[in-house]
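Here's run-v3.csv, which has CSV, C-alpha atoms:
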```csv
chain,number,residue,atom,x,y,z
A,1,MET,CA,91.2,120.5,-118.4
A,2,THR,CA,91.4,123.3,-115.8
A,3,VAL,CA,89.8,124.3,-112.6
A,4,ASP,CA,87.4,126.5,-114.5
A,5,ALA,CA,85.7,123.3,-115.8
A,6,ALA,CA,85.1,122.1,-112.3
A,7,VAL,CA,81.6,121.9,-110.9
A,8,PRO,CA,80.9,124.9,-108.6
A,9,LEU,CA,80.8,124.0,-104.9
A,10,PRO,CA,77.3,124.7,-103.4
A,11,ALA,CA,76.8,126.3,-100.1
A,12,HIS,CA,75.1,124.4,-97.3
A,13,PRO,CA,71.3,124.6,-97.8
A,14,ALA,CA,69.6,127.2,-95.6
A,15,GLY,CA,67.5,125.7,-92.9
A,16,VAL,CA,69.1,122.2,-93.0
A,17,PRO,CA,71.0,121.3,-89.8
A,18,TRP,CA,74.7,120.4,-90.3
A,19,PRO,CA,75.2,116.6,-89.8
A,20,THR,CA,77.7,117.0,-87.0
A,21,SER,CA,75.8,114.9,-84.5
A,22,THR,CA,73.1,113.2,-86.7
A,23,TRP,CA,72.3,113.3,-90.4
A,24,PRO,CA,69.1,115.0,-91.4
A,25,VAL,CA,67.0,112.5,-93.4
A,26,ALA,CA,65.1,113.2,-96.6
A,27,GLU,CA,63.6,111.3,-99.5
A,28,PRO,CA,65.6,111.2,-102.7
A,29,PRO,CA,64.1,112.6,-105.9
A,30,PRO,CA,61.8,109.8,-107.3
A,31,ALA,CA,63.3,110.1,-110.8
A,32,TRP,CA,66.6,108.8,-109.4
A,33,ASP,CA,65.3,105.3,-108.6
A,34,LEU,CA,68.2,105.4,-106.2
A,35,ALA,CA,67.2,102.3,-104.2
A,36,GLY,CA,66.8,100.3,-107.4
A,37,ARG,CA,70.2,101.3,-108.7
A,38,VAL,CA,71.9,100.4,-105.5
A,39,GLU,CA,70.1,97.1,-105.4
A,40,GLU,CA,71.4,96.4,-108.9
A,41,MET,CA,74.9,97.2,-107.8
A,42,VAL,CA,74.7,95.0,-104.7
A,43,ALA,CA,73.3,92.1,-106.6
A,44,GLN,CA,76.2,92.0,-109.1
A,45,PRO,CA,79.4,91.7,-107.2
A,46,GLU,CA,81.1,90.1,-110.2
A,47,ARG,CA,80.5,93.3,-112.1
A,48,PHE,CA,80.8,96.0,-109.4
A,49,GLY,CA,82.8,94.2,-106.7
A,50,GLN,CA,81.7,93.5,-103.2
A,51,THR,CA,79.6,96.3,-101.7
A,52,TYR,CA,79.4,96.6,-97.9
A,53,ALA,CA,77.9,100.1,-97.4
A,54,VAL,CA,76.3,102.8,-99.5
A,55,ALA,CA,75.4,106.2,-98.0
A,56,VAL,CA,74.1,109.0,-100.2
A,57,ALA,CA,73.5,112.7,-99.2
A,58,HIS,CA,71.6,115.2,-101.2
A,59,ARG,CA,71.3,118.9,-100.3
A,60,GLY,CA,72.7,118.3,-96.9
A,61,SER,CA,70.4,115.3,-95.9
A,62,LEU,CA,70.9,111.6,-95.9
A,63,VAL,CA,68.6,110.2,-98.6
A,64,LEU,CA,69.7,106.5,-98.7
A,65,GLU,CA,71.9,104.1,-96.8
A,66,ARG,CA,72.3,100.4,-97.4
A,67,TYR,CA,74.5,97.8,-95.6
A,68,GLU,CA,75.4,94.4,-96.9
A,69,GLY,CA,77.4,91.4,-95.8
A,70,ALA,CA,80.0,91.0,-93.1
A,71,LEU,CA,83.7,91.9,-92.7
A,72,GLU,CA,86.0,88.9,-92.2
A,73,HIS,CA,88.5,89.0,-89.3
A,74,TRP,CA,91.3,86.5,-88.7
A,75,ASP,CA,91.1,86.9,-84.9
A,76,ARG,CA,87.4,87.1,-84.3
A,77,PRO,CA,84.0,86.2,-85.9
A,78,ALA,CA,82.9,88.0,-89.0
A,79,GLU,CA,81.4,91.4,-88.3
A,80,PRO,CA,78.0,92.2,-89.8
A,81,VAL,CA,78.2,95.6,-91.5
A,82,GLY,CA,76.0,98.3,-90.1
A,83,PRO,CA,75.8,102.1,-89.5
A,84,GLY,CA,78.6,102.0,-86.9
A,85,THR,CA,81.0,99.7,-88.7
A,86,GLY,CA,84.4,101.1,-89.3
A,87,LEU,CA,85.2,100.7,-93.0
A,88,LEU,CA,88.9,100.7,-94.1
A,89,SER,CA,89.7,103.6,-96.3
A,90,TRP,CA,92.6,102.3,-98.3
A,91,SER,CA,93.6,105.2,-100.6
A,92,VAL,CA,90.7,107.4,-99.5
A,93,ALA,CA,92.9,108.2,-96.5
A,94,LYS,CA,95.1,110.2,-98.9
A,95,SER,CA,92.4,112.8,-99.3
A,96,VAL,CA,92.0,113.1,-95.6
A,97,LEU,CA,95.7,113.7,-95.5
A,98,HIS,CA,95.2,116.5,-98.0
A,99,ALA,CA,92.8,118.1,-95.4
A,100,ALA,CA,95.4,117.6,-92.6
A,101,VAL,CA,98.1,119.3,-94.7
A,102,GLY,CA,95.7,122.1,-95.6
A,103,ILE,CA,95.0,122.9,-92.0
A,104,LEU,CA,98.7,123.3,-91.3
A,105,VAL,CA,99.0,125.4,-94.5
A,106,GLY,CA,96.2,127.6,-93.2
A,107,GLU,CA,98.0,128.1,-89.9
A,108,GLY,CA,101.2,129.1,-91.7
A,109,ARG,CA,103.1,126.0,-90.5
A,110,LEU,CA,103.6,124.6,-94.0
A,111,ASP,CA,104.1,126.2,-97.4
A,112,PRO,CA,103.3,124.2,-100.5
A,113,ALA,CA,105.7,126.2,-102.6
A,114,ALA,CA,108.7,125.6,-100.3
A,115,ALA,CA,111.0,122.6,-100.3
A,116,ALA,CA,109.5,119.7,-98.5
A,117,PRO,CA,110.9,119.6,-94.9
A,118,VAL,CA,112.2,116.0,-95.1
A,119,PRO,CA,115.4,115.6,-93.0
A,120,ALA,CA,116.8,112.8,-95.1
A,121,TRP,CA,117.0,115.1,-98.1
A,122,ALA,CA,118.7,118.0,-96.3
A,123,ALA,CA,122.3,117.0,-97.0
A,124,ALA,CA,124.3,119.3,-99.2
A,125,GLY,CA,124.2,118.1,-102.8
A,126,ASP,CA,121.1,115.9,-102.4
A,127,ALA,CA,119.0,116.6,-105.5
A,128,ARG,CA,115.9,115.5,-103.6
A,129,SER,CA,116.1,118.7,-101.6
A,130,ALA,CA,114.5,120.4,-104.6
A,131,ILE,CA,111.2,118.5,-104.1
A,132,THR,CA,108.6,120.9,-102.9
A,133,LEU,CA,105.6,120.1,-100.7
A,134,GLU,CA,103.4,120.8,-103.8
A,135,ASP,CA,105.4,118.1,-105.7
A,136,LEU,CA,104.5,115.6,-103.0
A,137,LEU,CA,100.9,116.7,-102.9
A,138,THR,CA,100.5,116.3,-106.6
A,139,MET,CA,102.7,113.1,-106.7
A,140,ARG,CA,105.2,114.7,-109.1
A,141,ASP,CA,108.2,114.3,-106.8
A,142,GLY,CA,110.2,112.2,-109.2
A,143,LEU,CA,111.1,109.5,-106.7
A,144,ASP,CA,111.8,106.0,-108.0
A,145,TRP,CA,108.7,104.1,-106.7
A,146,VAL,CA,106.8,101.1,-107.9
A,147,GLU,CA,103.1,101.0,-107.0
A,148,ASP,CA,102.3,97.5,-108.0
A,149,TYR,CA,99.9,95.2,-106.0
A,150,ASP,CA,100.6,92.1,-108.0
A,151,LEU,CA,102.2,89.7,-105.6
A,152,ALA,CA,104.0,88.1,-108.5
A,153,ALA,CA,105.7,91.4,-109.5
A,154,SER,CA,109.5,91.3,-109.4
A,155,ARG,CA,109.4,94.6,-107.4
A,156,SER,CA,106.7,96.3,-105.5
A,157,ASP,CA,107.7,99.1,-103.1
A,158,VAL,CA,104.1,99.6,-101.9
A,159,ILE,CA,103.8,95.9,-100.8
A,160,THR,CA,107.2,96.0,-99.1
A,161,MET,CA,106.2,99.2,-97.3
A,162,LEU,CA,102.8,98.2,-96.1
A,163,PHE,CA,103.2,94.5,-95.6
A,164,GLY,CA,107.0,93.7,-95.7
A,165,GLY,CA,108.6,90.6,-97.1
A,166,GLU,CA,108.0,87.0,-95.9
A,167,ASP,CA,106.9,86.9,-92.2
A,168,ALA,CA,107.2,90.7,-92.0
A,169,ALA,CA,104.6,93.2,-91.0
A,170,GLY,CA,105.8,96.1,-93.2
A,171,ALA,CA,108.3,98.8,-92.9
A,172,ALA,CA,108.9,100.0,-89.3
A,173,ASP,CA,109.1,103.6,-90.5
A,174,MET,CA,107.1,103.9,-93.6
A,175,ALA,CA,107.9,107.6,-94.2
A,176,ALA,CA,111.6,106.9,-93.9
A,177,PHE,CA,111.3,103.9,-96.2
A,178,ALA,CA,109.7,105.9,-98.9
A,179,ALA,CA,111.9,108.9,-98.5
A,180,ASP,CA,115.0,106.7,-99.0
A,181,ARG,CA,114.1,106.2,-102.7
A,182,PRO,CA,116.4,107.9,-105.2
A,183,LEU,CA,115.2,110.2,-107.9
A,184,ALA,CA,114.1,108.7,-111.2
A,185,ALA,CA,113.0,112.0,-112.7
A,186,GLY,CA,113.4,115.7,-112.0
A,187,PRO,CA,111.1,117.0,-109.3
A,188,GLY,CA,107.9,118.3,-110.8
A,189,THR,CA,108.5,116.8,-114.2
A,190,ARG,CA,106.4,113.6,-114.1
A,191,PHE,CA,103.4,112.2,-112.4
A,192,SER,CA,103.7,108.8,-110.6
A,193,TYR,CA,101.0,107.6,-108.2
A,194,SER,CA,102.7,106.6,-105.0
A,195,SER,CA,101.5,105.5,-101.6
A,196,GLY,CA,105.1,106.1,-100.4
A,197,THR,CA,104.7,109.8,-101.3
A,198,SER,CA,101.6,110.0,-99.1
A,199,ASN,CA,103.5,108.5,-96.1
A,200,ILE,CA,106.4,111.0,-96.7
A,201,LEU,CA,103.8,113.7,-96.4
A,202,SER,CA,102.4,112.1,-93.3
A,203,GLY,CA,105.9,112.2,-91.8
A,204,VAL,CA,106.1,115.9,-92.6
A,205,VAL,CA,102.9,116.4,-90.6
A,206,ALA,CA,104.2,114.2,-87.8
A,207,ASP,CA,107.3,116.4,-87.5
A,208,ILE,CA,105.0,119.3,-86.8
A,209,VAL,CA,102.2,117.8,-84.6
A,210,GLY,CA,104.1,115.0,-83.0
A,211,ARG,CA,104.0,111.2,-83.4
A,212,SER,CA,102.1,108.4,-81.8
A,213,ASP,CA,99.4,109.6,-79.4
A,214,ALA,CA,100.2,113.2,-80.2
A,215,TYR,CA,99.4,112.6,-83.9
A,216,LEU,CA,96.2,110.8,-83.1
A,217,ALA,CA,95.1,113.5,-80.7
A,218,TRP,CA,95.8,116.2,-83.3
A,219,LEU,CA,93.9,114.4,-86.0
A,220,GLU,CA,90.9,114.1,-83.6
A,221,LYS,CA,91.0,117.7,-82.6
A,222,ALA,CA,91.8,119.3,-86.0
A,223,VAL,CA,89.9,117.0,-88.4
A,224,PHE,CA,87.5,114.4,-86.9
A,225,ALA,CA,85.9,116.1,-83.9
A,226,PRO,CA,84.7,119.3,-85.8
A,227,LEU,CA,82.9,117.1,-88.3
A,228,GLY,CA,81.5,114.7,-85.8
A,229,MET,CA,83.5,111.8,-87.2
A,230,THR,CA,83.2,109.8,-84.0
A,231,THR,CA,84.2,106.5,-85.5
A,232,ALA,CA,87.3,107.7,-87.3
A,233,ARG,CA,90.4,105.7,-86.3
A,234,ALA,CA,93.8,106.3,-87.9
A,235,ARG,CA,96.4,103.5,-87.8
A,236,LEU,CA,100.1,104.3,-87.0
A,237,ASP,CA,103.2,102.5,-88.1
A,238,PRO,CA,105.8,101.5,-85.4
A,239,ALA,CA,107.5,104.9,-85.7
A,240,GLY,CA,104.3,106.6,-84.6
A,241,THR,CA,103.4,108.0,-88.0
A,242,TRP,CA,99.9,107.7,-89.5
A,243,VAL,CA,99.9,105.4,-92.5
A,244,ALA,CA,98.0,108.0,-94.4
A,245,SER,CA,98.4,106.2,-97.7
A,246,SER,CA,96.0,103.5,-96.7
A,247,TYR,CA,94.9,103.1,-93.1
A,248,LEU,CA,91.9,105.0,-91.7
A,249,HIS,CA,88.7,103.3,-90.5
A,250,ALA,CA,85.4,105.2,-90.3
A,251,SER,CA,81.7,104.4,-90.7
A,252,ALA,CA,79.9,105.1,-94.0
A,253,ARG,CA,78.1,108.1,-92.3
A,254,ASP,CA,81.4,109.5,-91.2
A,255,TRP,CA,83.0,109.1,-94.6
A,256,LEU,CA,79.9,111.0,-95.9
A,257,ARG,CA,80.7,113.8,-93.4
A,258,PHE,CA,84.2,114.1,-94.8
A,259,GLY,CA,82.8,114.3,-98.3
A,260,GLU,CA,80.4,117.0,-97.2
A,261,LEU,CA,83.3,119.1,-95.9
A,262,TYR,CA,84.9,119.1,-99.4
A,263,LEU,CA,81.5,119.7,-101.0
A,264,ARG,CA,81.1,122.8,-98.8
A,265,ASP,CA,84.5,124.2,-99.7
A,266,GLY,CA,86.1,123.3,-96.4
A,267,VAL,CA,83.5,125.1,-94.3
A,268,TRP,CA,81.6,123.4,-91.5
A,269,GLU,CA,78.9,124.8,-89.2
A,270,ASP,CA,79.8,128.2,-90.7
A,271,ARG,CA,83.4,127.9,-89.6
A,272,ARG,CA,86.2,127.6,-92.2
A,273,LEU,CA,88.2,124.5,-91.3
A,274,LEU,CA,90.3,124.4,-94.5
A,275,PRO,CA,91.9,127.6,-96.0
A,276,ALA,CA,90.0,129.3,-98.8
A,277,GLY,CA,90.9,127.7,-102.1
A,278,TRP,CA,92.2,124.5,-100.5
A,279,VAL,CA,89.4,122.3,-101.8
A,280,ASP,CA,90.0,123.6,-105.3
A,281,HIS,CA,93.7,123.0,-104.8
A,282,GLY,CA,92.9,119.3,-104.2
A,283,ARG,CA,90.4,118.8,-107.1
A,284,ARG,CA,92.2,120.9,-109.7
A,285,PRO,CA,93.5,118.5,-112.4
A,286,ARG,CA,97.3,118.4,-112.7
A,287,SER,CA,98.2,115.1,-114.3
A,288,ALA,CA,96.6,112.2,-116.1
A,289,ASP,CA,97.5,108.5,-115.5
A,290,GLU,CA,98.0,105.9,-118.2
A,291,ASP,CA,94.2,105.5,-118.5
A,292,GLY,CA,93.6,109.2,-118.9
A,293,VAL,CA,92.2,109.7,-115.4
A,294,TRP,CA,93.1,113.1,-114.0
A,295,PHE,CA,94.8,113.6,-110.6
A,296,GLY,CA,94.8,116.8,-108.6
A,297,ALA,CA,96.5,117.0,-105.2
A,298,HIS,CA,95.9,113.8,-103.3
A,299,TRP,CA,92.4,113.8,-104.9
A,300,TRP,CA,91.4,112.2,-108.2
A,301,ALA,CA,90.0,115.1,-110.2
```
Spell out the structure here as structure tokens.
Amino acid sequence: MTVDAAVPLPAHPAGVPWPTSTWPVAEPPPAWDLAGRVEEMVAQPERFGQTYAVAVAHRGSLVLERYEGALEHWDRPAEPVGPGTGLLSWSVAKSVLHAAVGILVGEGRLDPAAAAPVPAWAAAGDARSAITLEDLLTMRDGLDWVEDYDLAASRSDVITMLFGGEDAAGAADMAAFAADRPLAAGPGTRFSYSSGTSNILSGVVADIVGRSDAYLAWLEKAVFAPLGMTTARARLDPAGTWVASSYLHASARDWLRFGELYLRDGVWEDRRLLPAGWVDHGRRPRSADEDGVWFGAHWWA
């Protein structure tokens, strides 16, 4: 499979306002039976999992949204899900990180082909210094990492990183925790899906834009504000680095805005936010997992 097989990216429809402040609303094509299909999905959580929100855009307009249930919180009452509810990204945050890296690439501040600027790998003789930024983006860095969410597993680097051991809240510096892994394969030679790799990349971004409030302010200015993603909230680790593997909250409408950015090839309001070709960089298949699902560069292809 190559990028030539990818669906062409359509331009924003003429005469339809961009959804920066509000989504234009339209009716879905009747043949879709969209409401019926969504109802079927919501009604079968045992088959499809718990559905909290569905938002669908077609040709630049919102054609359906549906909200269901309530989010449980340990420190306050359950929160009914609605249009303004912040929904946790989990790994969808990885694709937002791809956009953040792309902006820095477009500004000439990062080079995918260059060695990843990770200070822990800079010592003379460290074989990890051969890992490129592209290796990190495509999760072909070769680091020894176990991405296993089974609490009974004998080893799970991702659980230790995000949640820590008993009575722990997770690694204090998640980028450093992941970067400390040794090589298990030559850089660029194998695919291994890794949330640790995403946080190493986030640390690279933090070294450029700053940590803590500086990181949040940069994400707001560079990524969220141009799209009108007013509900987007990134979560930092104690070291002030965005946990870009997993932790970004946004409403369904704002997640739809981010999807629209990639559908429109990184252009918004006739302004190019992502460098030309960056969306194809993300969606171009590079590697297949054990189930035969293709991965691009921080996007499943």
Could you tell me how far CA of Pro117 in chain A lies from CA of Pro285 in chain A, in Å and to one decimal? 24.7 Å
For a quick check of understanding, using all atoms listed in the file, which of A:Met139, A:Trp121, A:Asp148, A:Arg257 has the smallest distance to Phe295 in chain A?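 Once distances to Phe295 in chain A are computed over all atoms listed in the file, the minimum belongs to A:Met139.
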Using all atoms listed in the file, determine which residues lie at most 6 Å from Trp299 in chain A, disregarding the query and same-chain residues fewer than 2 positions distant; provide the list as number ranges by chain. A: 95, 282-283, 296-297, 301
Distance of CA of Glu290 in chain A from CA of Arg140 in chain A, expressed in Å to one decimal place: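 Between these atoms lies a distance of 14.6 Å.
Among the candidates A:Ala26, A:Val293, A:Ala57, A:Leu34, the one nearest to Ala252 in chain A when counting only C-alpha atoms is A:Ala57.
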Give me the residues near Gly102 in chain A as a PyMOL selection string, where near means some atom within 7 Å (using all atoms listed in the file) and where sequence neighbours in that chain fewer than 4 positions away do not count. chain A and resi 98+106+274-275+278
Which of these residues is nearest to Leu87 in chain A, using all atoms listed in the file: A:Arg284, A:His298, A:His58, A:Arg233?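 Closest residue, counting all atoms listed in the file: A:Arg233.
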In terms of the shortest atom-to-atom distance over only C-alpha atoms, which of A:Ala127, A:Ala120, A:Trp300, A:Asn199 is closest to Asp180 in chain A?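 For Asp180 in chain A, the nearest of the candidates is A:Ala120.
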Could you check how far CA of Asp289 in chain A sits from CA of Glu147 in chain A, in Å to one decimal?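 Spanning CA of Asp289 in chain A to CA of Glu147 in chain A is a straight-line distance of 12.6 Å.
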Starting from the point (70.6, 120.3, -89.4), work out which residues of protein, DNA or RNA have an atom no more than 10 Å away when counting all atoms listed in the file; state them as a count of residues only. 17
Selected residue of minimal separation from Trp255 in chain A among A:Ala31, A:Ala124, A:Arg235, A:Gly86, counting all atoms listed in the file: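 Going through A:Ala31, A:Ala124, A:Arg235, A:Gly86 one by one, the smallest distance to Trp255 in chain A is for A:Gly86.
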Output as a tab-separated table one row per residue of range 183-254 of chain A within 9 Å of range 152-160 of chain A: the closest atom pair and its distance in Å to one decimal place, counting all atoms listed in the file, sorted by chain and residue number ascending.
```
residue	atom	partner	partner_atom	distance
A:Ser194	CA	A:Val158	CA	7.8
A:Ser195	CA	A:Val158	CA	6.5
A:Gly196	CA	A:Val158	CA	6.7
```
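In terms of minimum interatomic distance to Phe191 in chain A, A:Gly142 ranks closest within A:Gly49, A:Pro119, A:Pro80, A:Gly142, counting only C-alpha atoms.
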Find the residues near Ala244 in chain A: any atom within 8 Å, counting all atoms listed in the file, skip ones fewer than 3 places away on the same chain, and give them as an MDAnalysis selection string. chainID A and resid 93:94 96:97 198:199 202 234 247:248
Within 9 Å of Phe258 in chain A, counting all atoms listed in the file, which residues qualify if same-chain residues fewer than 3 places away don't, as number ranges by chain? A: 96, 224, 227, 229, 253-255, 261-263
Radius query 8 Å about (71.8, 107.0, -97.5), atoms used: only C-alpha atoms, as a ChimeraX atom specification: /A:54-57,62-66
